[in-house]
Amino acid sequence: MDPPGSSRLLPRDVWRIPKTREKGWYLALMAPNVKGPGYCWLDPSRLYCNQQGLQDCITDLLQPFWEDPIDLVAGIDAMGFILGAAIANTLQKGFLAIRKAGHLCVETYTQPYTDYSSRQKVMEVRTDAITPGVAAICIEDSEGGRWIQAQYKCSHCVPNHLMPQFNQHQLESFSTLGMRHSLV
């Protein structure tokens, strides 16, 4: 990857920071799935490449929790490890990895779930390390998303006017790439 200030133009300017940074400005850094079924509908890794975007995303996610005592930050395998670890570092707290089943050699709680490719899977977490609380880049308007919001204090960084785009798995920013996501 080219560093900031290099002469090579990237397909998206992941280094550019807008003069005015409204909540969610960094969501346009996410890229659509171009590989087809079996992959998530978007890829947030470019968001993680932009230092200011990552920082603003973390600030937005933590906004409702600033007054709450936070003991530990958890992230779900695998992209959640990146954001979760960055949040834990910001808060100067520990990080707990919620893993796909079969990776932990200690006592665990398990939970079946359906992943983005509609496959049934199981995740697991240590039994000695968790208490409730949820924050996510986006909680979709789905059965699982509604259940999470009913059970836990939640935060996400998607402004209300962009939620329909997330629920339809088609961000307007994808069109600036000349791409349409139609793989759902």
# chains A, B, ... in the order shown; residues from 1 in each chain; ligands from 1

$ select_by_dssp --residues "chain A" --states "alpha helix (DSSP H)" --output "ChimeraX atom specification"
/A:45-49,51-62,79-91,143-151,163-167

$ residues_around --residues "A:Ile76" --least-positions-apart "6" --cutoff "7 Å" --atoms "only C-alpha atoms" --output "compact mmCIF listing (two decimals) with C-alpha atoms, in the first residue's frame"
# COMPACT_ATOMS: atom_id res chain seq x y z
CA ALA A 97 -11.90 -12.34 21.24
CA ILE A 98 -15.24 -13.99 20.44
CA ARG A 99 -14.10 -16.88 18.29

$ residues_around --residues "A:Thr127" --least-positions-apart "2" --cutoff "12 Å" --atoms "only C-alpha atoms" --output "list in words"
Leu96, Ile98, Leu104, Cys105, Val106, Glu107, Thr108, Tyr109, Thr110, Glu124, Val125, Ala129, Ile130 and Thr131 of chain A

$ atom_distance --atom1 "atom CA of A:Leu47" --atom2 "atom CA of A:Leu27"
7.2 Å

$ select_by_dssp --residues "stretch 4-180 of chain A" --states "strand (DSSP E)" --output "VMD selection string"
chain A and resid 31 to 32 42 to 43 72 to 76 94 to 100 108 to 114 120 to 126

$ decode --residues "stretch 142-161 of chain A" --atoms "N, CA, C and O atoms" --output "short mmCIF file (atom, residue, chain, number, x, y, z; two decimals), in the first residue's frame"
data_model
loop_
_atom_site.label_atom_id
_atom_site.label_comp_id
_atom_site.auth_asym_id
_atom_site.auth_seq_id
_atom_site.Cartn_x
_atom_site.Cartn_y
_atom_site.Cartn_z
N SER A 142 -32.68 -6.50 11.09
CA SER A 142 -32.94 -7.92 10.84
C SER A 142 -33.43 -8.53 12.14
O SER A 142 -33.40 -7.88 13.20
N GLU A 143 -33.84 -9.78 12.11
CA GLU A 143 -34.29 -10.44 13.33
C GLU A 143 -33.18 -10.43 14.39
O GLU A 143 -33.41 -10.07 15.54
N GLY A 144 -31.97 -10.79 13.99
CA GLY A 144 -30.84 -10.79 14.91
C GLY A 144 -30.49 -9.40 15.41
O GLY A 144 -30.21 -9.21 16.59
N GLY A 145 -30.51 -8.43 14.52
CA GLY A 145 -30.21 -7.05 14.90
C GLY A 145 -31.22 -6.49 15.88
O GLY A 145 -30.86 -5.81 16.85
N ARG A 146 -32.50 -6.77 15.63
CA ARG A 146 -33.55 -6.30 16.54
C ARG A 146 -33.43 -6.99 17.91
O ARG A 146 -33.64 -6.36 18.95
N TRP A 147 -33.07 -8.28 17.93
CA TRP A 147 -32.88 -8.99 19.19
C TRP A 147 -31.74 -8.37 19.99
O TRP A 147 -31.88 -8.13 21.20
N ILE A 148 -30.64 -8.08 19.35
CA ILE A 148 -29.50 -7.46 20.03
C ILE A 148 -29.91 -6.12 20.63
O ILE A 148 -29.62 -5.82 21.79
N GLN A 149 -30.61 -5.30 19.85
CA GLN A 149 -31.02 -3.98 20.33
C GLN A 149 -32.01 -4.08 21.48
O GLN A 149 -32.03 -3.22 22.36
N ALA A 150 -32.83 -5.14 21.52
CA ALA A 150 -33.79 -5.31 22.61
C ALA A 150 -33.11 -5.79 23.89
O ALA A 150 -33.57 -5.49 24.99
N GLN A 151 -32.01 -6.51 23.75
CA GLN A 151 -31.36 -7.12 24.91
C GLN A 151 -30.27 -6.26 25.54
O GLN A 151 -29.99 -6.41 26.73
N TYR A 152 -29.63 -5.38 24.75
CA TYR A 152 -28.44 -4.69 25.22
C TYR A 152 -28.48 -3.20 24.91
O TYR A 152 -29.15 -2.77 23.99
N LYS A 153 -27.73 -2.44 25.68
CA LYS A 153 -27.49 -1.04 25.34
C LYS A 153 -26.59 -1.08 24.10
O LYS A 153 -25.53 -1.71 24.11
N CYS A 154 -27.00 -0.42 23.04
CA CYS A 154 -26.30 -0.53 21.76
C CYS A 154 -25.85 0.83 21.24
O CYS A 154 -26.41 1.86 21.59
N SER A 155 -24.87 0.76 20.38
CA SER A 155 -24.41 1.94 19.66
C SER A 155 -23.96 1.49 18.29
O SER A 155 -23.40 0.41 18.14
N HIS A 156 -24.24 2.29 17.30
CA HIS A 156 -23.64 2.06 15.99
C HIS A 156 -23.40 3.42 15.35
O HIS A 156 -23.93 4.43 15.78
N CYS A 157 -22.55 3.43 14.36
CA CYS A 157 -22.11 4.71 13.80
C CYS A 157 -22.74 5.03 12.46
O CYS A 157 -22.26 5.90 11.75
N VAL A 158 -23.83 4.39 12.10
CA VAL A 158 -24.51 4.66 10.85
C VAL A 158 -25.63 5.67 11.10
O VAL A 158 -26.56 5.38 11.86
N PRO A 159 -25.55 6.86 10.50
CA PRO A 159 -26.63 7.84 10.68
C PRO A 159 -27.96 7.30 10.16
O PRO A 159 -27.99 6.48 9.23
N ASN A 160 -29.05 7.73 10.77
CA ASN A 160 -30.38 7.23 10.41
C ASN A 160 -30.66 7.32 8.91
O ASN A 160 -31.27 6.42 8.34
N HIS A 161 -30.22 8.40 8.25
CA HIS A 161 -30.53 8.55 6.83
C HIS A 161 -29.79 7.53 5.96
O HIS A 161 -30.16 7.29 4.82
#
